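Structure data (compact mmCIF, C-alpha atoms (C1' of nucleotides)) from target.txt:
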```txt
# COMPACT_ATOMS: atom_id res chain seq x y z
CA MET A 90 17.56 -2.02 39.34
CA ALA A 91 15.09 -0.50 36.87
CA ARG A 92 11.42 -0.20 36.29
CA PRO A 93 10.10 -3.21 34.33
CA ARG A 94 7.85 -3.08 31.29
CA GLN A 95 4.20 -2.89 32.26
CA PHE A 96 2.94 -4.53 29.07
CA ASP A 97 3.19 -7.92 27.42
CA GLU A 98 5.40 -7.29 24.42
CA GLU A 99 3.99 -10.18 22.41
CA LYS A 100 0.45 -8.94 22.90
CA VAL A 101 1.44 -5.42 21.90
CA ILE A 102 3.20 -6.64 18.75
CA GLU A 103 0.16 -8.73 17.92
CA SER A 104 -2.06 -5.65 18.15
CA LEU A 105 0.33 -3.56 16.05
CA MET A 106 0.46 -6.34 13.48
CA ASN A 107 -3.30 -6.44 13.21
CA VAL A 108 -3.41 -2.75 12.34
CA PHE A 109 -0.67 -2.96 9.71
CA TRP A 110 -2.26 -6.12 8.38
CA GLU A 111 -5.63 -4.49 7.88
CA LYS A 112 -4.59 -1.02 6.74
CA GLY A 113 -1.09 -1.33 5.32
CA TYR A 114 1.99 0.59 6.36
CA GLU A 115 1.30 4.03 4.96
CA ALA A 116 -2.36 4.17 5.86
CA THR A 117 -1.57 3.29 9.47
CA SER A 118 -0.99 6.28 11.73
CA MET A 119 0.72 6.34 15.09
CA GLN A 120 -2.69 7.19 16.50
CA ASP A 121 -4.00 3.90 15.15
CA LEU A 122 -1.14 2.03 16.78
CA VAL A 123 -1.62 3.85 20.06
CA ALA A 124 -5.32 3.03 20.06
CA ALA A 125 -4.80 -0.62 19.16
CA SER A 126 -1.99 -1.32 21.59
CA GLY A 127 -3.37 0.59 24.54
CA LEU A 128 0.08 2.08 25.13
CA LEU A 129 0.97 5.73 24.84
CA LYS A 130 3.09 7.06 22.05
CA GLY A 131 6.18 7.49 24.17
CA SER A 132 6.06 3.86 25.32
CA LEU A 133 5.78 2.60 21.77
CA TYR A 134 8.72 4.71 20.68
CA GLY A 135 10.66 3.65 23.75
CA ALA A 136 10.07 0.00 22.99
CA PHE A 137 10.52 -0.04 19.22
CA GLY A 138 12.26 3.12 18.04
CA ASP A 139 10.05 4.25 15.22
CA LYS A 140 7.06 3.31 13.09
CA HIS A 141 9.18 1.44 10.60
CA ALA A 142 10.67 -0.78 13.31
CA MET A 143 7.15 -1.52 14.52
CA TYR A 144 6.26 -2.65 11.03
CA VAL A 145 9.28 -4.93 10.78
CA ALA A 146 8.45 -6.38 14.20
CA ALA A 147 4.92 -6.99 12.92
CA LEU A 148 6.23 -8.81 9.86
CA ARG A 149 8.42 -11.03 12.01
CA HIS A 150 5.48 -11.73 14.27
CA TYR A 151 3.38 -12.66 11.27
CA ASP A 152 6.06 -15.09 10.18
CA ARG A 153 6.36 -16.55 13.66
CA THR A 154 2.60 -17.05 14.08
CA ARG A 155 0.41 -17.07 10.97
CA ILE A 156 3.01 -18.36 8.50
CA GLN A 157 4.23 -20.85 11.06
CA SER A 158 0.78 -22.30 11.51
CA GLY A 159 0.58 -22.77 7.75
CA ILE A 160 3.93 -24.50 7.86
CA ASP A 161 2.75 -26.68 10.73
CA MET A 162 -0.22 -27.68 8.63
CA LEU A 163 2.08 -28.54 5.72
CA ASN A 164 4.25 -30.62 8.03
CA GLY A 165 1.25 -32.36 9.54
CA ASP A 166 -0.88 -35.28 8.50
CA GLY A 167 -2.59 -35.73 5.16
CA SER A 168 -1.68 -36.13 1.53
CA ALA A 169 0.26 -33.48 -0.35
CA ARG A 170 -2.83 -32.71 -2.39
CA GLN A 171 -4.95 -32.24 0.71
CA LYS A 172 -2.45 -29.87 2.23
CA ILE A 173 -2.02 -27.76 -0.89
CA ALA A 174 -5.78 -27.63 -1.33
CA ARG A 175 -6.13 -26.38 2.22
CA LEU A 176 -3.91 -23.38 1.50
CA PHE A 177 -6.36 -22.19 -1.10
CA ASP A 178 -9.41 -23.20 0.87
CA ASN A 179 -8.27 -20.90 3.65
CA VAL A 180 -8.26 -18.03 1.17
CA ILE A 181 -11.70 -18.93 -0.14
CA GLU A 182 -13.06 -19.38 3.34
CA SER A 183 -11.79 -16.08 4.70
CA THR A 184 -13.06 -14.31 1.58
CA ARG A 185 -16.45 -15.91 1.95
CA ARG A 186 -16.72 -14.92 5.61
CA GLY A 187 -15.63 -11.41 4.66
CA LEU A 188 -15.03 -10.26 8.22
CA PHE A 189 -11.39 -9.33 7.90
CA ALA A 190 -10.15 -7.35 4.93
CA GLY A 191 -6.42 -7.78 5.49
CA GLY A 192 -5.75 -10.77 3.27
CA CYS A 193 -2.16 -11.95 3.65
CA LEU A 194 0.28 -9.59 5.35
CA LEU A 195 3.20 -11.20 3.54
CA CYS A 196 1.68 -10.36 0.14
CA ASN A 197 0.67 -6.92 1.30
CA ALA A 198 4.20 -6.16 2.48
CA SER A 199 5.68 -7.52 -0.74
CA LEU A 200 3.68 -5.16 -2.88
CA GLU A 201 3.54 -2.13 -0.62
CA LYS A 202 7.04 -1.93 0.78
CA ALA A 203 9.47 -4.67 -0.21
CA ALA A 204 10.51 -3.11 -3.50
CA THR A 205 11.75 0.08 -1.86
CA ASP A 206 12.67 -1.07 1.63
CA ARG A 207 15.73 -3.26 2.16
CA GLU A 208 14.72 -4.49 5.59
CA VAL A 209 11.20 -5.39 4.55
CA LYS A 210 12.52 -7.12 1.47
CA ASN A 211 14.79 -9.28 3.61
CA GLU A 212 11.95 -10.25 5.91
CA VAL A 213 9.68 -11.05 2.99
CA ARG A 214 12.33 -13.04 1.17
CA THR A 215 13.06 -15.10 4.26
CA THR A 216 9.41 -15.87 4.85
CA ILE A 217 8.79 -16.80 1.22
CA ARG A 218 11.73 -19.18 1.40
CA ARG A 219 10.36 -20.77 4.56
CA LEU A 220 7.00 -21.25 2.95
CA LYS A 221 8.51 -22.74 -0.18
CA VAL A 222 10.64 -25.17 1.82
CA ALA A 223 7.60 -26.29 3.78
CA ILE A 224 5.71 -26.94 0.56
CA MET A 225 8.66 -28.92 -0.75
CA GLY A 226 8.47 -30.95 2.44
CA ALA A 227 4.81 -31.67 1.84
CA LEU A 228 5.64 -32.82 -1.69
CA GLU A 229 8.55 -34.96 -0.55
CA THR A 230 6.61 -38.18 -0.32
CA ARG A 231 5.43 -37.81 -3.90
CA ILE A 232 8.38 -36.21 -5.68
CA ALA A 233 11.80 -37.74 -5.24
CA ASN A 234 13.75 -35.27 -7.37
CA GLU A 235 14.52 -32.21 -5.29
CA ASP A 236 14.73 -29.77 -8.19
CA GLU A 237 11.35 -30.87 -9.38
CA ALA A 238 9.89 -30.43 -5.92
CA ALA A 239 11.48 -26.99 -5.71
CA SER A 240 10.05 -25.80 -8.99
CA LEU A 241 6.60 -27.12 -8.17
CA ALA A 242 6.76 -25.50 -4.74
CA ALA A 243 7.78 -22.17 -6.27
CA PHE A 244 4.83 -22.43 -8.59
CA ILE A 245 2.42 -23.24 -5.76
CA VAL A 246 3.62 -20.25 -3.73
CA SER A 247 3.05 -18.10 -6.76
CA ALA A 248 -0.44 -19.39 -7.42
CA TYR A 249 -1.25 -19.00 -3.73
CA PHE A 250 -0.09 -15.38 -3.71
CA GLY A 251 -2.05 -14.79 -6.89
CA SER A 252 -5.18 -16.08 -5.25
CA ARG A 253 -4.59 -13.57 -2.46
CA VAL A 254 -4.47 -10.77 -5.00
CA LEU A 255 -7.63 -12.01 -6.70
CA ALA A 256 -9.42 -12.28 -3.38
CA LYS A 257 -8.59 -8.76 -2.34
CA GLY A 258 -9.29 -7.44 -5.82
CA GLY A 259 -12.85 -8.67 -5.52
CA ALA A 260 -12.61 -11.36 -8.18
CA PRO A 261 -15.31 -14.04 -7.97
CA ALA A 262 -14.49 -16.84 -5.53
CA ALA A 263 -14.82 -19.30 -8.42
CA MET A 264 -11.57 -17.98 -9.85
CA ILE A 265 -9.77 -18.96 -6.67
CA GLY A 266 -11.42 -22.36 -6.76
CA ASP A 267 -10.24 -22.71 -10.36
CA THR A 268 -6.74 -21.75 -9.33
CA ARG A 269 -6.74 -24.38 -6.60
CA ASP A 270 -8.07 -27.10 -8.87
CA ARG A 271 -5.62 -26.38 -11.67
CA CYS A 272 -2.79 -26.25 -9.19
CA LEU A 273 -3.74 -29.66 -7.86
CA GLN A 274 -3.57 -31.04 -11.38
CA LEU A 275 0.18 -30.62 -11.15
CA VAL A 276 0.51 -32.19 -7.72
CA PRO A 277 1.08 -35.91 -8.10
CA MET B 233 -16.91 31.15 -24.46
CA ALA B 234 -14.43 29.98 -21.86
CA ARG B 235 -10.75 29.60 -21.32
CA PRO B 236 -9.54 26.25 -22.65
CA ARG B 237 -7.33 23.79 -20.79
CA GLN B 238 -3.69 24.55 -21.24
CA PHE B 239 -2.54 20.98 -20.72
CA ASP B 240 -2.91 17.66 -22.48
CA GLU B 241 -5.16 15.69 -20.16
CA GLU B 242 -3.87 12.32 -21.35
CA LYS B 243 -0.29 13.32 -20.67
CA VAL B 244 -1.19 14.60 -17.24
CA ILE B 245 -3.03 11.40 -16.35
CA GLU B 246 -0.08 9.40 -17.61
CA SER B 247 2.23 11.31 -15.27
CA LEU B 248 -0.13 10.92 -12.32
CA MET B 249 -0.40 7.21 -13.07
CA ASN B 250 3.36 6.82 -13.03
CA VAL B 251 3.57 8.27 -9.54
CA PHE B 252 0.77 6.10 -8.13
CA TRP B 253 2.25 3.11 -9.93
CA GLU B 254 5.66 3.54 -8.37
CA LYS B 255 4.70 4.71 -4.87
CA GLY B 256 1.17 3.49 -4.24
CA TYR B 257 -1.82 5.57 -3.25
CA GLU B 258 -1.06 6.42 0.35
CA ALA B 259 2.64 7.13 -0.13
CA THR B 260 1.86 9.55 -2.95
CA SER B 261 1.43 13.15 -1.83
CA MET B 262 -0.21 15.96 -3.73
CA GLN B 263 3.23 17.51 -3.91
CA ASP B 264 4.42 14.42 -5.81
CA LEU B 265 1.53 14.74 -8.23
CA VAL B 266 2.11 18.46 -8.70
CA ALA B 267 5.80 17.84 -9.40
CA ALA B 268 5.15 14.99 -11.83
CA SER B 269 2.35 16.64 -13.77
CA GLY B 270 3.85 20.11 -13.99
CA LEU B 271 0.45 21.56 -13.09
CA LEU B 272 -0.34 23.49 -9.95
CA LYS B 273 -2.46 22.07 -7.20
CA GLY B 274 -5.49 24.14 -8.08
CA SER B 275 -5.46 22.95 -11.68
CA LEU B 276 -5.29 19.32 -10.62
CA TYR B 277 -8.18 19.78 -8.23
CA GLY B 278 -10.07 21.69 -10.86
CA ALA B 279 -9.62 18.91 -13.37
CA PHE B 280 -10.13 15.87 -11.18
CA GLY B 281 -11.80 16.83 -7.92
CA ASP B 282 -9.60 15.14 -5.36
CA LYS B 283 -6.69 12.76 -4.92
CA HIS B 284 -8.91 9.72 -4.95
CA ALA B 285 -10.42 10.67 -8.30
CA MET B 286 -6.91 11.10 -9.68
CA TYR B 287 -6.12 7.59 -8.55
CA VAL B 288 -9.21 6.15 -10.20
CA ALA B 289 -8.36 8.03 -13.39
CA ALA B 290 -4.88 6.53 -13.19
CA LEU B 291 -6.31 3.02 -12.84
CA ARG B 292 -8.54 3.53 -15.86
CA HIS B 293 -5.57 4.87 -17.81
CA TYR B 294 -3.55 1.81 -16.82
CA ASP B 295 -6.34 -0.40 -18.12
CA ARG B 296 -6.61 1.57 -21.36
CA THR B 297 -2.86 1.48 -22.05
CA ARG B 298 -0.72 -1.12 -20.27
CA ILE B 299 -3.39 -3.79 -19.82
CA GLN B 300 -4.66 -3.14 -23.31
CA SER B 301 -1.25 -3.74 -24.83
CA GLY B 302 -1.13 -7.06 -22.98
CA ILE B 303 -4.53 -7.88 -24.39
CA ASP B 304 -3.38 -6.88 -27.87
CA MET B 305 -0.48 -9.28 -27.49
CA LEU B 306 -2.86 -12.05 -26.43
CA ASN B 307 -5.07 -11.32 -29.43
CA GLY B 308 -2.08 -11.23 -31.78
CA ASP B 309 -0.07 -13.87 -33.55
CA GLY B 310 1.56 -16.87 -31.99
CA SER B 311 0.58 -20.02 -30.15
CA ALA B 312 -1.30 -19.93 -26.88
CA ARG B 313 1.77 -21.22 -25.12
CA GLN B 314 3.96 -18.51 -26.58
CA LYS B 315 1.56 -15.80 -25.52
CA ILE B 316 1.16 -17.07 -21.97
CA ALA B 317 4.90 -17.47 -21.67
CA ARG B 318 5.36 -13.89 -22.76
CA LEU B 319 3.21 -12.64 -19.87
CA PHE B 320 5.66 -14.12 -17.41
CA ASP B 321 8.71 -13.20 -19.45
CA ASN B 322 7.68 -9.58 -19.20
CA VAL B 323 7.73 -9.89 -15.42
CA ILE B 324 11.12 -11.60 -15.43
CA GLU B 325 12.54 -9.09 -17.86
CA SER B 326 11.39 -6.02 -15.99
CA THR B 327 12.64 -7.54 -12.73
CA ARG B 328 16.00 -8.29 -14.31
CA ARG B 329 16.35 -4.76 -15.64
CA GLY B 330 15.33 -3.45 -12.23
CA LEU B 331 14.85 0.14 -13.39
CA PHE B 332 11.24 0.54 -12.39
CA ALA B 333 10.02 -0.65 -9.01
CA GLY B 334 6.30 -0.32 -9.65
CA GLY B 335 5.49 -3.85 -10.75
CA CYS B 336 1.86 -4.11 -11.88
CA LEU B 337 -0.47 -1.29 -10.92
CA LEU B 338 -3.47 -3.60 -11.11
CA CYS B 339 -1.98 -5.91 -8.46
CA ASN B 340 -0.84 -2.97 -6.37
CA ALA B 341 -4.31 -1.46 -6.39
CA SER B 342 -5.89 -4.82 -5.58
CA LEU B 343 -3.87 -5.23 -2.43
CA GLU B 344 -3.58 -1.64 -1.32
CA LYS B 345 -7.05 -0.28 -1.92
CA ALA B 346 -9.59 -2.60 -3.53
CA ALA B 347 -10.63 -4.30 -0.30
CA THR B 348 -11.74 -1.07 1.33
CA ASP B 349 -12.64 1.12 -1.65
CA ARG B 350 -15.75 0.36 -3.68
CA GLU B 351 -14.72 2.38 -6.71
CA VAL B 352 -11.25 0.90 -6.87
CA LYS B 353 -12.68 -2.58 -6.44
CA ASN B 354 -14.99 -2.04 -9.40
CA GLU B 355 -12.13 -0.85 -11.60
CA VAL B 356 -9.95 -3.74 -10.56
CA ARG B 357 -12.68 -6.29 -11.07
CA THR B 358 -13.42 -4.98 -14.54
CA THR B 359 -9.79 -5.08 -15.56
CA ILE B 360 -9.27 -8.59 -14.18
CA ARG B 361 -12.27 -9.73 -16.16
CA ARG B 362 -10.92 -8.15 -19.33
CA LEU B 363 -7.59 -9.86 -18.83
CA LYS B 364 -9.20 -13.21 -18.17
CA VAL B 365 -11.36 -12.95 -21.27
CA ALA B 366 -8.33 -12.12 -23.40
CA ILE B 367 -6.51 -15.17 -22.06
CA MET B 368 -9.56 -17.29 -22.83
CA GLY B 369 -9.37 -15.92 -26.34
CA ALA B 370 -5.75 -16.94 -26.64
CA LEU B 371 -6.66 -20.44 -25.48
CA GLU B 372 -9.64 -20.67 -27.81
CA THR B 373 -7.80 -22.46 -30.62
CA ARG B 374 -6.67 -25.19 -28.21
CA ILE B 375 -9.58 -25.56 -25.85
CA ALA B 376 -13.05 -25.99 -27.27
CA ASN B 377 -14.95 -26.23 -24.00
CA GLU B 378 -15.60 -22.73 -22.74
CA ASP B 379 -15.78 -23.63 -19.05
CA GLU B 380 -12.46 -25.34 -19.29
CA ALA B 381 -10.92 -22.33 -21.00
CA ALA B 382 -12.40 -20.10 -18.30
CA SER B 383 -10.98 -22.10 -15.44
CA LEU B 384 -7.57 -22.31 -17.06
CA ALA B 385 -7.62 -18.58 -17.75
CA ALA B 386 -8.54 -17.84 -14.14
CA PHE B 387 -5.65 -19.96 -13.03
CA ILE B 388 -3.23 -18.21 -15.38
CA VAL B 389 -4.29 -14.79 -14.16
CA SER B 390 -3.71 -15.99 -10.62
CA ALA B 391 -0.26 -17.38 -11.35
CA TYR B 392 0.61 -14.21 -13.21
CA PHE B 393 -0.44 -12.02 -10.28
CA GLY B 394 1.49 -14.31 -7.97
CA SER B 395 4.62 -13.84 -10.03
CA ARG B 396 4.15 -10.09 -9.63
CA VAL B 397 4.08 -10.51 -5.87
CA LEU B 398 7.17 -12.71 -5.92
CA ALA B 399 9.01 -10.24 -8.12
CA LYS B 400 8.30 -7.30 -5.87
CA GLY B 401 8.99 -9.36 -2.79
CA GLY B 402 12.51 -9.95 -4.00
CA ALA B 403 12.14 -13.68 -4.60
CA PRO B 404 14.75 -15.17 -6.94
CA ALA B 405 13.89 -14.83 -10.63
CA ALA B 406 14.08 -18.61 -10.93
CA MET B 407 10.84 -18.87 -8.96
CA ILE B 408 9.09 -16.82 -11.60
CA GLY B 409 10.60 -18.96 -14.32
CA ASP B 410 9.36 -22.03 -12.46
CA THR B 411 5.91 -20.52 -12.24
CA ARG B 412 5.87 -19.84 -15.97
CA ASP B 413 7.08 -23.34 -16.84
CA ARG B 414 4.62 -25.10 -14.57
CA CYS B 415 1.84 -22.92 -15.89
CA LEU B 416 2.70 -23.89 -19.44
CA GLN B 417 2.42 -27.55 -18.49
CA LEU B 418 -1.31 -26.98 -18.23
CA VAL B 419 -1.65 -25.12 -21.53
CA PRO B 420 -2.35 -27.59 -24.32
C1' DG C 199 14.91 2.57 52.63
C1' DA C 200 18.23 4.91 49.66
C1' DG C 201 20.07 5.19 45.09
C1' DG C 202 20.22 4.00 40.45
C1' DT C 203 17.87 2.85 36.37
C1' DT C 204 14.41 2.44 33.23
C1' DA C 205 9.24 2.93 31.98
C1' DT C 206 5.40 5.87 31.64
C1' DT C 207 3.10 10.05 30.77
C1' DG C 208 1.09 13.78 28.12
C1' DA C 209 2.11 18.07 26.43
C1' DC C 210 4.67 19.70 22.69
C1' DT C 211 7.13 20.30 17.96
C1' DG C 212 7.78 21.55 13.10
C1' DA C 213 6.68 19.69 8.90
C1' DA C 214 3.70 17.82 5.68
C1' DC C 215 -0.85 16.55 4.63
C1' DG C 216 -5.17 17.16 1.46
C1' DG C 217 -7.90 20.67 0.10
C1' DT C 218 -9.81 25.74 -0.75
C1' DC C 219 -10.31 30.28 -2.62
C1' DA C 220 -10.20 34.99 -4.31
C1' DA C 221 -7.77 37.18 -7.76
C1' DT C 222 -6.26 37.06 -12.40
C1' DA C 223 -5.82 35.48 -17.20
C1' DA C 224 -7.37 33.59 -21.40
C1' DT C 225 -10.62 32.39 -24.51
C1' DA C 226 -15.06 32.20 -27.65
C1' DA C 227 -19.45 34.09 -28.65
C1' DA C 228 -22.23 38.13 -29.22
C1' DT D 222 -15.06 45.29 -27.93
C1' DT D 223 -17.75 43.71 -24.49
C1' DT D 224 -19.25 39.85 -21.82
C1' DA D 225 -19.71 35.39 -19.98
C1' DT D 226 -17.25 31.51 -18.70
C1' DT D 227 -13.73 28.71 -17.33
C1' DA D 228 -8.54 27.87 -16.30
C1' DT D 229 -4.64 29.21 -13.78
C1' DT D 230 -2.24 30.88 -9.93
C1' DG D 231 -0.16 30.89 -5.37
C1' DA D 232 -1.18 32.10 -0.92
C1' DC D 233 -3.69 30.11 2.58
C1' DC D 234 -6.49 26.77 5.72
C1' DG D 235 -7.08 23.57 9.62
C1' DT D 236 -5.68 18.97 10.53
C1' DT D 237 -2.83 15.28 11.10
C1' DC D 238 1.58 13.41 10.69
C1' DA D 239 5.82 11.06 12.96
C1' DG D 240 8.60 11.93 16.50
C1' DT D 241 10.62 14.31 21.14
C1' DC D 242 11.24 15.43 25.87
C1' DA D 243 11.21 16.78 30.69
C1' DA D 244 8.82 15.32 34.52
C1' DT D 245 7.26 11.59 37.18
C1' DA D 246 6.63 6.80 38.64
C1' DA D 247 7.89 2.12 39.58
C1' DC D 248 10.94 -1.22 40.36
C1' DC D 249 15.49 -3.87 41.73
C1' DT D 250 19.73 -4.02 44.14
C1' DC D 251 22.39 -2.96 47.79
```

For the file at hand, write its structure as structure tokens.
Amino acid sequence: MARPRQFDEEKVIESLMNVFWEKGYEATSMQDLVAASGLLKGSLYGAFGDKHAMYVAALRHYDRTRIQSGIDMLNGDGSARQKIARLFDNVIESTRRGLFAGGCLLCNASLEKAATDREVKNEVRTTIRRLKVAIMGALETRIANEDEAASLAAFIVSAYFGSRVLAKGGAPAAMIGDTRDRCLQLVP
Amino acid sequence: MARPRQFDEEKVIESLMNVFWEKGYEATSMQDLVAASGLLKGSLYGAFGDKHAMYVAALRHYDRTRIQSGIDMLNGDGSARQKIARLFDNVIESTRRGLFAGGCLLCNASLEKAATDREVKNEVRTTIRRLKVAIMGALETRIANEDEAASLAAFIVSAYFGSRVLAKGGAPAAMIGDTRDRCLQLVP
DNA sequence: GAGGTTATTGACTGAACGGTCAATAATAAA
DNA sequence: TTTATTATTGACCGTTCAGTCAATAACCTC
């Protein structure tokens, strides 16, 4: 009955996400999104509505893919300490390689837009909660008391986000290593 | 010999800083800066050169004032634990009041610009170092070993930055309280 | 294959962007 | 008071911004 989409929506969202991830919301122009997606402006607007909606779609995609793979790791095999350590090691590793300057899109969105954008704040809040719950799950075998697991998980999320700020701020990698090690001191 | 400036440069920088602090670099327009400073565009360009230089001046001003008052607190009276706790309590308090959405300009600059802007990265790095050294100073009475104080200080900076991300991301205040409390577990 | 529906296309819009500049004003030194 | 120097002013610049739209194309259903 109607002409079908000629692009793979997931792939397009992935490409939009990569731009927002690397440059941030404000520094990203529609030209950037056009170039990255391979679509023309009209198609992007037809599919998403406006730039803001593209950003929100990118945040959801980040949650569904990158955050989810972190959650999968936390739900997978290994000790709680190993899993928590791996969170930080990923930060150290990607800093050391230095190929991609984006850091963590969740942190970026929190600082750039969440405070003044209801929709972004909701997305960010939801994702933070998901991450925290997954960390609680990883702690489950070691901490019986749920409140204690929750407070430790909140703290770990915080330290993790902090390490993302340090990494992007150009702090020495040793500071992130220190953060990881001190964090692990609190993980039984 | 020449016409003198008709404005108080410190006050102008303070007003520029407040705009960048609240809106970020990219979302701030020259119109915003003109409106906030009370100067005309030409005067701002005459005094600073370009928007980027205004931003760097704002970062330096933030270091000289807001960060410095944090450092003064850390150098002041009280136990190490009290001082560290106060860092986080400031975050909780300003989140609770909810009047100003800016958060911490140092964190904002780290995530928004440091990764792709040499000058900003240098400013940020310097300020992080200053903050870390001040925290080491606060720990000095309790931790003799300098390396140990350094690693704990790095960790505290990280957790503090993380709490800034949580706050702006709209996470519940309890998560910041948890971060503070867990942090204090490691402070002797 | 005709008709209905939606996707694609690229030219187009007005507004806002960062930045410039010639004219004017204000000052201190001579 | 003249002169040299710098600050202020506001009009102005070309560019880029996010977003629109009428024309065309592609597809599915009947």

Report task. Would you kindly return, as a list in words, each protein, DNA or RNA residue with an atom no farther than 9 Å from any atom of segment 120-131 of chain A, considering all atoms listed in the file and excluding same-chain residues fewer than 4 positions away? Result ->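 Those residues are Phe96, Lys100, Val101, Ile102, Glu103, Ser104, Leu105, Asn107, Val108, Phe109, Gly135 and Ala136 of chain A; DT206, DT207 and DG208 of chain C; DT241 of chain D.
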
Query raised in the report: Pick the closest to chain B from A:Pro277, A:Gly167, A:Gly159, A:Gly113: which is it, counting all atoms listed in the file?
Result: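 The answer is A:Gly113, which sits nearest to chain B.
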
Chain B residues near chain A within 7 Å, closest pair each, using all atoms listed in the file, as a Markdown table:
```
| residue | atom | partner | partner_atom | distance |
| --- | --- | --- | --- | --- |
| B:Glu258 | CA | A:Glu115 | CA | 5.7 |
| B:Ala259 | CA | A:Glu115 | CA | 6.1 |
| B:Ala333 | CA | A:Ala204 | CA | 6.1 |
| B:Cys339 | CA | A:Val254 | CA | 6.5 |
| B:Asn340 | CA | A:Leu200 | CA | 6.1 |
| B:Ser342 | CA | A:Gly258 | CA | 4.3 |
| B:Leu343 | CA | A:Lys257 | CA | 5.9 |
| B:Ala346 | CA | A:Gly258 | CA | 5.4 |
| B:Ala347 | CA | A:Lys257 | CA | 5.3 |
| B:Lys353 | CA | A:Gly258 | CA | 6.0 |
| B:Val356 | CA | A:Gly258 | CA | 6.0 |
| B:Arg357 | CA | A:Ala260 | CA | 5.8 |
| B:Ser383 | CA | A:Asp267 | CA | 5.2 |
| B:Ala386 | CA | A:Met264 | CA | 5.3 |
| B:Phe387 | CA | A:Thr268 | CA | 4.3 |
| B:Ser390 | CA | A:Gly251 | CA | 4.3 |
| B:Ala391 | CA | A:Ala248 | CA | 4.4 |
| B:Tyr392 | CA | A:Gly251 | CA | 6.9 |
| B:Phe393 | CA | A:Gly251 | CA | 4.7 |
| B:Gly394 | CA | A:Gly251 | CA | 3.7 |
| B:Ser395 | CA | A:Ser247 | CA | 5.6 |
| B:Val397 | CA | A:Leu200 | CA | 6.1 |
| B:Leu398 | CA | A:Ser247 | CA | 6.8 |
| B:Lys400 | CA | A:Ala204 | CA | 5.3 |
| B:Gly401 | CA | A:Ser199 | CA | 4.3 |
| B:Gly402 | CA | A:Arg214 | CA | 6.0 |
| B:Ala403 | CA | A:Arg214 | CA | 5.8 |
| B:Met407 | CA | A:Ala243 | CA | 5.2 |
| B:Asp410 | CA | A:Ser240 | CA | 5.2 |
| B:Thr411 | CA | A:Phe244 | CA | 4.3 |
| B:Arg414 | CA | A:Phe244 | CA | 6.6 |
```

**Report entry** Proximal residues of chain C relative to chain A (all atoms listed in the file; 7 Å) as a ChimeraX atom specification
**Finding:** /C:202-206

Just need the box for segment 232-241 of chain D, edges along x, y and z, holding every atom the file lists for it with 4 Å tacked onto each side, so centre and edge lengths in Å to one decimal, as AutoDock Vina command-line options.
```
--center_x 1.8 --center_y 21.6 --center_z 10.1 --size_x 25.7 --size_y 29.0 --size_z 30.1
```

Query raised in the report: If we count only C-alpha atoms (C1' of nucleotides), which residues of chain D reach to within 8 Å of chain B? Please list them as number ranges by chain.
Result: D: 225-230

Per-residue nearest contacts of chain C to segment 231-240 of chain D (8 Å; all atoms listed in the file) as CSV:
```
residue,atom,partner,partner_atom,distance
C:DA214,C1',D:DC238,C1',7.0
C:DC215,C1',D:DT237,C1',6.9
C:DT218,C1',D:DC234,C1',7.3
```

Query raised in the report: Could you name the residues that touch segment 365-373 of chain B at 6 Å or less, counting all atoms listed in the file, but leaving out those on the same chain fewer than 4 positions away, as a PyMOL selection string?
Result: chain B and resi 303+306+312+381+385

Residues from last step as file, C-alpha atoms, as a compact mmCIF listing (two decimals), in the frame of the given file:
```
# COMPACT_ATOMS: atom_id res chain seq x y z
CA ILE B 303 -4.53 -7.88 -24.39
CA LEU B 306 -2.86 -12.05 -26.43
CA ALA B 312 -1.30 -19.93 -26.88
CA ALA B 381 -10.92 -22.33 -21.00
CA ALA B 385 -7.62 -18.58 -17.75
```

Query raised in the report: When you draw a straight line from atom CA of Ala405 of chain B to atom CA of Asp178 of chain A, how long is it in Å?
Result: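 According to the coordinates, atom CA of Ala405 of chain B and atom CA of Asp178 of chain A are separated by 27.3 Å.
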
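Here atom CA of Val323 of chain B stands at a distance of 16.9 Å from atom CA of Thr297 of chain B.
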
Requested in this report: One decimal, Å: what's the distance from atom CA of Lys140 of chain A over to atom CA of Glu208 of chain A, could you say?
Outcome: 13.3 Å
